[in-house]
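Coordinates from data.cif are shown below (mmCIF, C-alpha atoms and all ligand atoms).
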```cif
data_coords
#
loop_
_atom_site.label_atom_id
_atom_site.label_comp_id
_atom_site.auth_asym_id
_atom_site.auth_seq_id
_atom_site.Cartn_x
_atom_site.Cartn_y
_atom_site.Cartn_z
CA MET A 479 -109.48 19.27 165.29
CA ASP A 480 -106.44 17.77 163.61
CA PRO A 481 -106.69 13.96 163.90
CA ASN A 482 -102.96 13.85 164.57
CA VAL A 483 -103.51 15.74 167.81
CA ILE A 484 -106.01 13.07 168.93
CA LEU A 485 -103.66 10.26 167.91
CA LYS A 486 -100.73 11.91 169.70
CA ALA A 487 -102.88 12.13 172.85
CA ALA A 488 -103.69 8.41 172.57
CA ILE A 489 -100.03 7.53 172.20
CA GLU A 490 -99.29 9.66 175.25
CA ARG A 491 -101.92 7.66 177.20
CA GLN A 492 -104.35 10.56 177.44
CA GLU A 493 -108.06 9.82 177.27
CA VAL A 494 -109.74 10.23 173.88
CA SER A 495 -113.25 11.72 174.23
CA ALA A 496 -116.37 10.44 172.48
CA ILE A 497 -116.38 13.53 170.24
CA GLU A 498 -112.77 12.85 169.29
CA ALA A 499 -113.63 9.21 168.55
CA LEU A 500 -116.42 10.49 166.29
CA MET A 501 -113.94 12.74 164.49
CA LEU A 502 -111.61 9.79 163.93
CA MET A 503 -114.47 7.69 162.54
CA GLN A 504 -115.21 10.41 160.00
CA GLN A 505 -111.68 10.65 158.60
CA GLU A 506 -110.74 9.87 155.01
CA ASP A 507 -109.20 6.51 154.17
CA GLN A 508 -105.62 7.84 154.00
CA VAL A 509 -105.79 9.10 157.61
CA PHE A 510 -106.86 5.62 158.66
CA ASN A 511 -103.39 4.28 157.99
CA ASP A 512 -102.22 6.45 160.90
CA ILE A 513 -105.22 5.44 163.05
CA PHE A 514 -104.47 1.77 162.36
CA GLN A 515 -100.84 2.23 163.42
CA VAL A 516 -101.76 3.99 166.65
CA ALA A 517 -104.42 1.39 167.46
CA ASN A 518 -101.86 -1.35 166.87
CA GLU A 519 -99.36 0.37 169.16
CA VAL A 520 -101.94 0.91 171.94
CA ASN A 521 -102.87 -2.78 171.67
CA ARG A 522 -99.22 -3.90 171.66
CA ARG A 523 -98.41 -2.10 174.88
CA THR A 524 -101.69 -3.26 176.49
CA ASN A 525 -101.45 -6.92 175.52
CA GLN A 526 -97.78 -7.48 174.60
CA GLY A 527 -98.55 -9.30 171.37
CA ILE A 528 -100.66 -11.98 173.03
CA VAL A 529 -103.82 -13.09 171.24
CA SER A 530 -106.29 -15.15 173.23
CA PHE A 531 -109.25 -17.41 172.53
CA THR A 532 -111.60 -19.58 174.53
CA HIS A 533 -112.22 -23.30 174.32
CA ARG A 534 -115.81 -23.06 175.44
CA THR A 535 -119.09 -24.88 175.03
CA HIS A 536 -122.17 -22.82 174.21
CA VAL A 537 -125.56 -24.21 175.13
CA ASN A 538 -128.82 -22.43 174.46
CA TYR A 539 -131.50 -23.58 176.89
CA THR A 540 -134.47 -22.12 175.02
CA ASN A 541 -135.32 -20.26 171.84
CA VAL A 542 -138.84 -19.32 172.92
CA CYS A 543 -138.84 -15.54 173.13
CA ARG A 544 -141.35 -12.87 173.93
CA ALA A 545 -139.30 -10.28 172.05
CA SER A 546 -138.81 -10.22 168.29
CA SER A 547 -135.65 -8.23 167.65
CA LYS A 548 -135.20 -7.36 163.99
CA HIS A 549 -131.58 -8.53 163.85
CA CYS A 550 -132.40 -11.92 165.43
CA THR A 551 -132.89 -15.14 163.48
CA TYR A 552 -132.84 -17.29 166.57
CA PHE A 553 -136.10 -16.74 168.42
CA ARG A 554 -139.29 -18.75 167.95
CA LYS A 555 -142.73 -18.14 169.32
CA LYS A 556 -144.24 -20.56 171.82
CA GLY A 557 -145.85 -23.45 169.96
CA ASP A 558 -143.70 -23.04 166.81
CA LYS A 559 -142.48 -26.30 165.32
CA GLU A 560 -138.85 -25.36 166.02
CA ALA A 561 -139.43 -23.94 169.50
CA PHE A 562 -137.49 -25.71 172.27
CA THR A 563 -136.74 -25.49 175.97
CA LEU A 564 -134.15 -27.79 177.51
CA GLN A 565 -134.40 -29.28 180.96
CA PRO A 566 -131.30 -28.84 183.17
CA GLU A 567 -130.27 -32.47 182.65
CA GLU A 568 -130.43 -31.98 178.87
CA VAL A 569 -128.11 -28.98 179.15
CA VAL A 570 -125.72 -31.09 181.24
CA ALA A 571 -125.85 -33.85 178.61
CA LYS A 572 -124.96 -31.38 175.86
CA ILE A 573 -121.96 -30.14 177.82
CA ALA A 574 -120.89 -33.70 178.57
CA ALA A 575 -120.95 -34.49 174.85
CA SER A 576 -118.85 -31.44 174.00
CA PRO A 577 -115.07 -31.36 173.56
CA ALA A 578 -114.87 -28.24 175.79
CA LYS A 579 -116.21 -28.88 179.29
CA ASN A 580 -114.11 -26.47 181.34
CA ASP A 581 -115.73 -23.27 180.18
CA VAL A 582 -119.46 -23.22 179.58
CA ALA A 583 -121.63 -20.45 178.13
CA ILE A 584 -125.36 -20.72 178.75
CA GLN A 585 -127.76 -18.39 177.00
CA GLY A 586 -131.37 -18.43 175.93
CA ALA A 587 -134.21 -16.08 175.22
CA LEU A 588 -137.07 -14.34 177.01
CA ASN A 589 -139.26 -17.34 177.71
CA PRO A 590 -142.19 -16.32 179.97
CA ASP A 591 -142.68 -19.90 181.16
CA LEU A 592 -139.32 -20.12 182.92
CA SER A 593 -139.08 -19.23 186.60
CA ILE A 594 -136.14 -18.31 188.83
CA ASP A 595 -136.36 -21.84 190.15
CA TYR A 596 -135.63 -23.15 186.64
CA PHE A 597 -132.53 -20.94 186.28
CA VAL A 598 -131.21 -21.93 189.70
CA ARG A 599 -131.79 -25.63 188.95
CA LEU A 600 -130.02 -25.18 185.62
CA VAL A 601 -126.89 -23.56 187.08
CA THR A 602 -126.86 -25.99 190.03
CA ALA A 603 -127.06 -29.00 187.70
CA VAL A 604 -124.13 -27.73 185.62
CA ARG A 605 -122.09 -26.82 188.70
CA ASP A 606 -122.72 -30.24 190.31
CA GLU A 607 -121.70 -32.12 187.20
CA PHE A 608 -118.76 -29.89 186.25
CA PRO A 609 -117.42 -28.46 189.54
CA HIS A 610 -114.27 -27.23 187.85
CA ALA A 611 -115.95 -25.38 184.99
CA HIS A 612 -116.24 -21.64 184.55
CA ILE A 613 -119.96 -20.93 184.06
CA HIS A 614 -120.69 -17.89 181.92
CA GLY A 615 -124.36 -17.27 181.40
CA PHE A 616 -127.51 -15.17 181.06
CA SER A 617 -127.49 -11.80 179.35
CA PRO A 618 -128.61 -8.64 181.18
CA THR A 619 -131.81 -8.87 179.14
CA GLU A 620 -132.55 -12.37 180.42
CA ILE A 621 -131.83 -11.31 184.02
CA PHE A 622 -133.99 -8.21 183.72
CA PHE A 623 -136.85 -10.19 182.17
CA ALA A 624 -136.66 -12.83 184.92
CA SER A 625 -136.64 -10.14 187.61
CA ARG A 626 -139.68 -8.43 186.11
CA ARG A 627 -141.57 -11.73 185.85
CA ALA A 628 -140.77 -12.63 189.46
CA ARG A 629 -141.27 -9.04 190.71
CA VAL A 630 -137.95 -9.08 192.52
CA PRO A 631 -134.88 -6.87 191.95
CA ALA A 632 -132.26 -8.10 189.48
CA ARG A 633 -129.83 -8.17 192.40
CA GLU A 634 -131.84 -10.98 194.02
CA ILE A 635 -131.81 -13.10 190.85
CA LEU A 636 -128.09 -12.53 190.44
CA ALA A 637 -127.44 -13.44 194.08
CA GLN A 638 -129.28 -16.75 193.69
CA LEU A 639 -127.48 -17.58 190.45
CA LYS A 640 -124.10 -16.68 191.93
CA GLU A 641 -124.82 -18.86 194.92
CA ALA A 642 -125.73 -21.72 192.55
CA GLY A 643 -122.41 -21.35 190.72
CA LEU A 644 -122.64 -18.64 188.07
CA ASP A 645 -119.22 -17.05 187.49
CA SER A 646 -119.71 -14.40 184.81
CA MET A 647 -122.20 -13.06 182.27
CA PRO A 648 -122.20 -12.16 178.57
CA GLY A 649 -122.88 -8.47 177.99
CA THR A 650 -125.07 -9.23 175.03
CA GLY A 651 -128.36 -7.50 174.31
CA ALA A 652 -126.65 -4.11 174.48
CA ASP A 653 -127.32 -3.70 170.74
CA ILE A 654 -126.96 0.09 170.65
CA LEU A 655 -127.36 1.85 173.96
CA ASN A 656 -129.69 4.52 172.64
CA ASP A 657 -133.39 4.12 173.35
CA LYS A 658 -134.55 5.68 170.07
CA VAL A 659 -132.52 3.16 168.08
CA ARG A 660 -133.49 0.32 170.41
CA LYS A 661 -137.13 1.14 169.86
CA LYS A 662 -136.64 0.64 166.12
CA ILE A 663 -134.61 -2.56 166.17
CA SER A 664 -135.77 -4.35 169.32
CA PRO A 665 -138.78 -2.57 170.79
CA ASP A 666 -139.63 -5.33 173.29
CA ARG A 667 -136.25 -5.48 174.91
CA ILE A 668 -134.61 -3.90 177.90
CA ARG A 669 -134.03 -0.12 177.82
CA THR A 670 -130.58 1.42 178.02
CA ALA A 671 -130.84 2.43 181.69
CA ASP A 672 -132.00 -1.05 182.70
CA TRP A 673 -129.20 -2.76 180.73
CA VAL A 674 -126.65 -0.51 182.41
CA ASP A 675 -128.23 -1.10 185.82
CA VAL A 676 -128.13 -4.91 185.55
CA VAL A 677 -124.53 -4.85 184.32
CA LYS A 678 -123.35 -2.51 187.07
CA THR A 679 -125.23 -4.51 189.71
CA ALA A 680 -123.54 -7.70 188.49
CA HIS A 681 -120.12 -6.04 188.60
CA HIS A 682 -120.67 -4.74 192.11
CA MET A 683 -121.55 -8.31 193.15
CA GLY A 684 -118.31 -9.65 191.68
CA ILE A 685 -119.86 -11.05 188.49
CA LYS A 686 -117.83 -9.80 185.55
CA THR A 687 -119.38 -9.32 182.12
CA THR A 688 -118.38 -8.69 178.56
CA GLY A 689 -119.43 -5.58 176.62
CA THR A 690 -120.88 -5.70 173.12
CA ILE A 691 -122.27 -3.52 170.36
CA VAL A 692 -124.35 -4.56 167.33
CA VAL A 693 -123.62 -2.37 164.31
CA GLY A 694 -124.65 -2.18 160.68
CA HIS A 695 -128.42 -1.72 161.09
CA VAL A 696 -130.05 1.69 161.58
CA GLU A 697 -127.44 3.29 163.83
CA ASN A 698 -125.10 6.13 162.91
CA GLU A 699 -121.61 7.05 164.12
CA ILE A 700 -122.97 9.30 166.87
CA HIS A 701 -124.93 6.37 168.33
CA ILE A 702 -121.79 4.24 168.25
CA CYS A 703 -119.79 6.90 170.08
CA GLU A 704 -122.52 7.35 172.70
CA HIS A 705 -122.52 3.58 173.19
CA ILE A 706 -118.79 3.19 173.68
CA GLU A 707 -118.75 6.13 176.06
CA ILE A 708 -121.44 4.46 178.20
CA LEU A 709 -119.34 1.28 178.32
CA ARG A 710 -116.18 3.16 179.24
CA ASN A 711 -118.01 5.01 182.02
CA ILE A 712 -119.29 1.69 183.41
CA GLN A 713 -115.76 0.37 183.34
CA LYS A 714 -114.38 3.38 185.16
CA GLU A 715 -116.96 2.88 187.90
CA THR A 716 -116.85 -0.89 188.30
CA GLY A 717 -113.86 -2.37 186.46
CA GLY A 718 -116.12 -5.31 185.62
CA LEU A 719 -116.01 -5.35 181.81
CA VAL A 720 -113.54 -7.95 180.65
CA GLU A 721 -113.82 -7.28 176.93
CA PHE A 722 -115.49 -5.35 174.16
CA GLN A 723 -116.87 -7.10 171.10
CA ILE A 724 -118.26 -5.66 167.87
CA ILE A 725 -121.09 -7.77 166.43
CA PRO A 726 -121.89 -6.86 162.83
CA HIS A 727 -125.56 -7.10 161.97
CA ILE A 728 -126.02 -9.61 159.18
CA PRO A 729 -129.02 -8.34 157.16
CA GLU A 730 -130.02 -11.63 155.63
CA PRO A 731 -131.87 -13.75 156.67
CA ALA A 732 -133.39 -11.98 159.73
CA PRO A 733 -137.08 -11.45 159.04
CA GLY A 734 -138.23 -7.85 159.22
CA ALA A 735 -134.74 -6.32 159.15
CA GLU A 736 -134.17 -3.16 157.10
CA PRO A 737 -132.29 -3.99 153.91
CA ARG A 738 -128.80 -2.56 154.30
CA PRO A 739 -125.52 -3.73 152.78
CA ARG A 740 -123.42 -5.91 155.02
CA MET A 741 -120.57 -4.12 156.76
CA THR A 742 -117.36 -4.32 154.73
CA GLN A 743 -114.06 -5.55 156.12
CA GLN A 744 -112.63 -2.04 155.79
CA GLN A 745 -115.50 -0.57 157.82
CA LEU A 746 -114.99 -3.24 160.47
CA MET A 747 -111.23 -2.58 160.63
CA LYS A 748 -111.86 1.16 161.04
CA LEU A 749 -114.32 0.59 163.85
CA VAL A 750 -112.03 -1.83 165.68
CA ALA A 751 -109.16 0.67 165.39
CA VAL A 752 -111.16 3.66 166.67
CA CYS A 753 -112.53 1.58 169.55
CA ARG A 754 -109.01 0.52 170.54
CA VAL A 755 -107.82 4.13 170.45
CA PHE A 756 -110.88 5.15 172.49
CA PHE A 757 -110.70 2.35 175.10
CA GLY A 758 -106.90 2.29 175.35
CA SER A 759 -106.19 -0.15 178.13
CA VAL A 760 -109.28 0.83 180.18
CA ILE A 761 -111.11 -2.07 178.53
CA PRO A 762 -107.99 -4.06 177.68
CA ASN A 763 -109.49 -6.76 175.49
CA ILE A 764 -111.15 -6.34 172.11
CA GLN A 765 -112.57 -9.57 170.77
CA SER A 766 -112.87 -10.20 167.03
CA PRO A 767 -115.04 -13.33 166.92
CA TRP A 768 -113.73 -15.36 164.00
CA SER A 769 -117.03 -17.26 163.86
CA LEU A 770 -118.83 -14.05 162.87
CA TYR A 771 -116.13 -12.24 160.89
CA GLY A 772 -114.47 -15.24 159.21
CA LEU A 773 -111.05 -16.45 160.39
CA GLN A 774 -108.98 -14.51 157.88
CA GLU A 775 -110.97 -11.33 158.48
CA ALA A 776 -110.71 -11.67 162.27
CA VAL A 777 -106.95 -12.23 162.01
CA GLN A 778 -106.65 -9.02 159.95
CA THR A 779 -108.17 -7.02 162.80
CA LEU A 780 -105.31 -8.16 165.08
CA SER A 781 -103.15 -5.55 163.35
CA VAL A 782 -105.57 -2.70 164.15
CA GLY A 783 -106.31 -3.22 167.83
CA ALA A 784 -108.02 -6.56 168.44
CA ASN A 785 -106.34 -9.11 170.74
CA ASP A 786 -108.81 -12.00 170.91
CA LEU A 787 -110.39 -14.31 168.35
CA GLY A 788 -113.39 -15.56 170.35
CA GLY A 789 -114.01 -19.24 170.91
CA THR A 790 -113.55 -22.60 169.32
CA HIS A 791 -116.99 -23.98 169.86
CA PHE A 792 -120.17 -22.59 168.36
CA PRO A 793 -123.08 -24.99 168.14
CA GLN A 794 -125.48 -22.01 168.13
CA THR A 795 -125.52 -18.33 168.92
CA PRO A 796 -128.66 -16.35 169.62
CA TYR A 797 -128.09 -13.91 166.77
CA TYR A 798 -126.69 -15.87 163.90
CA GLN A 799 -127.86 -19.43 164.12
CA GLY A 800 -127.15 -21.12 160.84
CA ASN A 801 -124.37 -18.72 159.82
CA THR A 802 -121.75 -19.85 162.27
CA PRO A 803 -119.33 -22.75 161.96
CA LYS A 804 -119.81 -25.66 164.33
CA TYR A 805 -116.36 -26.11 165.79
CA THR A 806 -112.72 -25.51 165.18
CA ALA A 807 -109.95 -27.10 167.19
CA PRO A 808 -107.72 -24.88 169.39
CA GLU A 809 -104.73 -25.87 167.25
CA ILE A 810 -106.28 -24.17 164.21
CA LEU A 811 -106.66 -20.87 166.07
CA GLU A 812 -103.16 -21.19 167.53
CA LYS A 813 -101.73 -21.72 164.07
CA ALA A 814 -103.55 -18.65 162.69
CA ILE A 815 -102.31 -16.52 165.61
CA LEU A 816 -98.71 -17.68 165.19
CA LYS A 817 -98.92 -16.95 161.46
CA ALA A 818 -99.95 -13.38 162.37
CA GLN A 819 -96.77 -13.23 164.48
CA ARG A 820 -98.62 -13.07 167.77
CA ARG A 821 -98.48 -15.38 170.79
CA PRO A 822 -101.55 -17.58 171.34
CA ARG A 823 -103.13 -18.02 174.76
CA MET A 824 -106.14 -20.13 175.68
CA ARG A 825 -108.22 -18.25 178.23
CA ASP A 826 -111.44 -18.64 180.18
CA SER A 827 -114.50 -16.39 179.83
CA VAL A 828 -113.01 -13.66 182.04
CA TYR A 829 -109.52 -13.73 180.52
CA GLY A 830 -108.01 -15.89 183.24
CA ASP A 831 -105.94 -18.88 182.25
CA ALA A 832 -108.08 -21.63 180.78
CA VAL A 833 -108.56 -24.59 183.08
CA THR A 834 -106.47 -27.34 181.55
CA ARG A 835 -107.62 -30.92 181.58
CA LYS A 836 -105.01 -31.76 184.24
CA ALA A 837 -106.05 -28.85 186.49
CA ALA A 838 -109.69 -29.79 186.06
CA LYS A 839 -108.95 -33.35 187.14
CA THR A 840 -107.08 -32.11 190.21
CA ARG A 841 -110.00 -29.86 191.11
CA ARG A 842 -112.50 -32.70 190.61
CA VAL A 843 -110.49 -34.90 192.97
CA ALA A 844 -110.31 -32.08 195.56
CA VAL A 845 -114.05 -31.45 195.35
CA ALA A 846 -114.81 -35.16 195.66
CA ALA A 847 -112.61 -35.37 198.77
CA ARG A 848 -114.54 -32.62 200.59
S1 LIG B 1 -132.06 -11.20 170.35
FE1 LIG B 1 -132.60 -12.30 172.23
S2 LIG B 1 -134.31 -11.11 173.12
FE2 LIG B 1 -134.14 -10.46 170.93
S3 LIG B 1 -135.56 -11.82 169.84
FE3 LIG B 1 -133.55 -12.80 169.77
S4 LIG B 1 -133.55 -14.22 171.49
FE4 LIG B 1 -135.21 -12.75 171.85
#
```
Would you give me this structure, written as structure tokens?
Ligand code: SF4
Amino acid sequence: MDPNVILKAAIERQEVSAIEALMLMQQEDQVFNDIFQVANEVNRRTNQGIVSFTHRTHVNYTNVCRASSKHCTYFRKKGDKEAFTLQPEEVVAKIAASPAKNDVAIQGALNPDLSIDYFVRLVTAVRDEFPHAHIHGFSPTEIFFASRRARVPAREILAQLKEAGLDSMPGTGADILNDKVRKKISPDRIRTADWVDVVKTAHHMGIKTTGTIVVGHVENEIHICEHIEILRNIQKETGGLVEFQIIPHIPEPAPGAEPRPRMTQQQLMKLVAVCRVFFGSVIPNIQSPWSLYGLQEAVQTLSVGANDLGGTHFPQTPYYQGNTPKYTAPEILEKAILKAQRRPRMRDSVYGDAVTRKAAKTRRVAVAAR
């Protein structure tokens, strides 16, 4: 098929199929100039030139993990010198010491010693201390693991966490939603059907999630297209995916990872553009996390379909501990966005308006008066 026919369909707001996305991915470099332009146009009409970012604190409650994913440098085995598990009050103290207390991301690993009671105490402690905050936490993998350990459905775990104050979840751990590939890169983790099931269950309960993909390891373009089609189908059913994020696998220094050259900026730009053409405005937000791509590189992707730069605050992330910057002030991201001739917007984890300090104070006063 002529790629121009696919691009014309995208401009005319018709759905691009997974096969058509695959065809676009396989085009020569010169065709990509047209794909970039169409992706930029689809993004412009979806997001009106607005580029968002979060001012969010990330706290990892444990790095003890039963799995050993090949792309992960974060996990430690129980008893390792660097293994840790934080008590709820320690998580609260970390948030209190952070410059971003209104939006909190809590993630960990598959620690067999942690019970549902621990997770509920953790969310309750954060909610009690920061009643105004948006709490974004626990990947589908963590929820699935906890449900298996407790022998209760994921729905029950999610219900308890929602009741305690959980607002939304990261859609991490999706890696590539193809079980053959998953078996190679993260054999101990959740299977595709289970990941999809937890995410859909969360959405049906009113807990929105993000959507992610990890690329640059052993996958091919067909796997990528299968993956984005699964995400789009979830979105059509539930409407609960607030964003899509491409996470490039960084070969070094993850132990046991296959040696493979790091994804180039051009490859990343092409993937962002095809994903924007594929998702259109069905998944309206494509995040380019500056902390993983580099600020300049992330800003470049704003011209090929991305509309979000990720967050300001990165003490740790489960995948790339040690490779990510610690913190950058909102003003720095705003400046970079303005320089790219876009309009900056600080958002919360589900793309609502960020809670400002003044609004947070008002909410604290209201909660205290109850
Ligand atoms: S990616 Fe998550 S589940 Fe996999 S080893 Fe790392 S911490 Fe564990």
Tell me, as a VMD selection string, which residues lie within 8 Å of Asp826 (chain A), counting all atoms listed in the file; anything in the same chain fewer than 5 positions away does not count. chain A and resid 532 to 534 581 612 831 to 833
List all protein, DNA and RNA residues that have at least one atom no more than 12 Å from any atom of ligand LIG 1 (chain B), counting all atoms listed in the file, and write them as number ranges by chain. A: 538-556, 561, 585-590, 616-623, 649-653, 660, 663-669, 692, 727, 732-734, 794-799
Which is closer to Glu607 (chain A) than all the others in A:Ile761, A:Val674, A:Ala574, A:Leu644, using only C-alpha atoms? A:Ala574
Per residue of region 621-722 of chain A within 8 Å of region 594-600 of chain A, what are the shortest atom pair and its distance in Å to one decimal, counting all atoms listed in the file, with rows by chain and residue number, as JSON lines?
```
{"residue": "A:Ala624", "atom": "CA", "partner": "A:Ile594", "partner_atom": "CA", "distance": 6.8}
{"residue": "A:Ala628", "atom": "CA", "partner": "A:Ile594", "partner_atom": "CA", "distance": 7.4}
{"residue": "A:Ile635", "atom": "CA", "partner": "A:Ile594", "partner_atom": "CA", "distance": 7.1}
{"residue": "A:Gln638", "atom": "CA", "partner": "A:Val598", "partner_atom": "CA", "distance": 6.8}
{"residue": "A:Leu639", "atom": "CA", "partner": "A:Val598", "partner_atom": "CA", "distance": 5.8}
{"residue": "A:Ala642", "atom": "CA", "partner": "A:Val598", "partner_atom": "CA", "distance": 6.2}
```
Hey, which of A:Glu498, A:Asp675, A:Asp786, A:Asp591 ends up closest to Val752 (chain A)? Count all atoms listed in the file.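 Once distances to Val752 (chain A) are computed over all atoms listed in the file, the minimum belongs to A:Glu498.
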Which residue out of A:Ile728, A:Val520, A:Val677, A:Met503 has the minimum interatomic distance to Phe757 (chain A) when all atoms listed in the file are used?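 Nearest to Phe757 (chain A): A:Val520.
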Go through A:Pro648, A:Ile706, A:Phe531, A:Gln565 and flag the residue nearest Gly830 (chain A), using all atoms listed in the file for the distances.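 The shortest atom-to-atom distance to Gly830 (chain A) comes from A:Phe531.
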Atom-to-atom span, CA of Met741 (chain A) and CA of Gln504 (chain A), Å: 15.8 Å
Could you please determine the separation between CA of Ile725 (chain A) and CA of Thr690 (chain A) in Å, to one decimal place? 7.0 Å
Rounded to one decimal place, report the CA of Asp645 (chain A)-CA of Pro767 (chain A) distance in Å.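 Those two atoms sit 21.3 Å apart.
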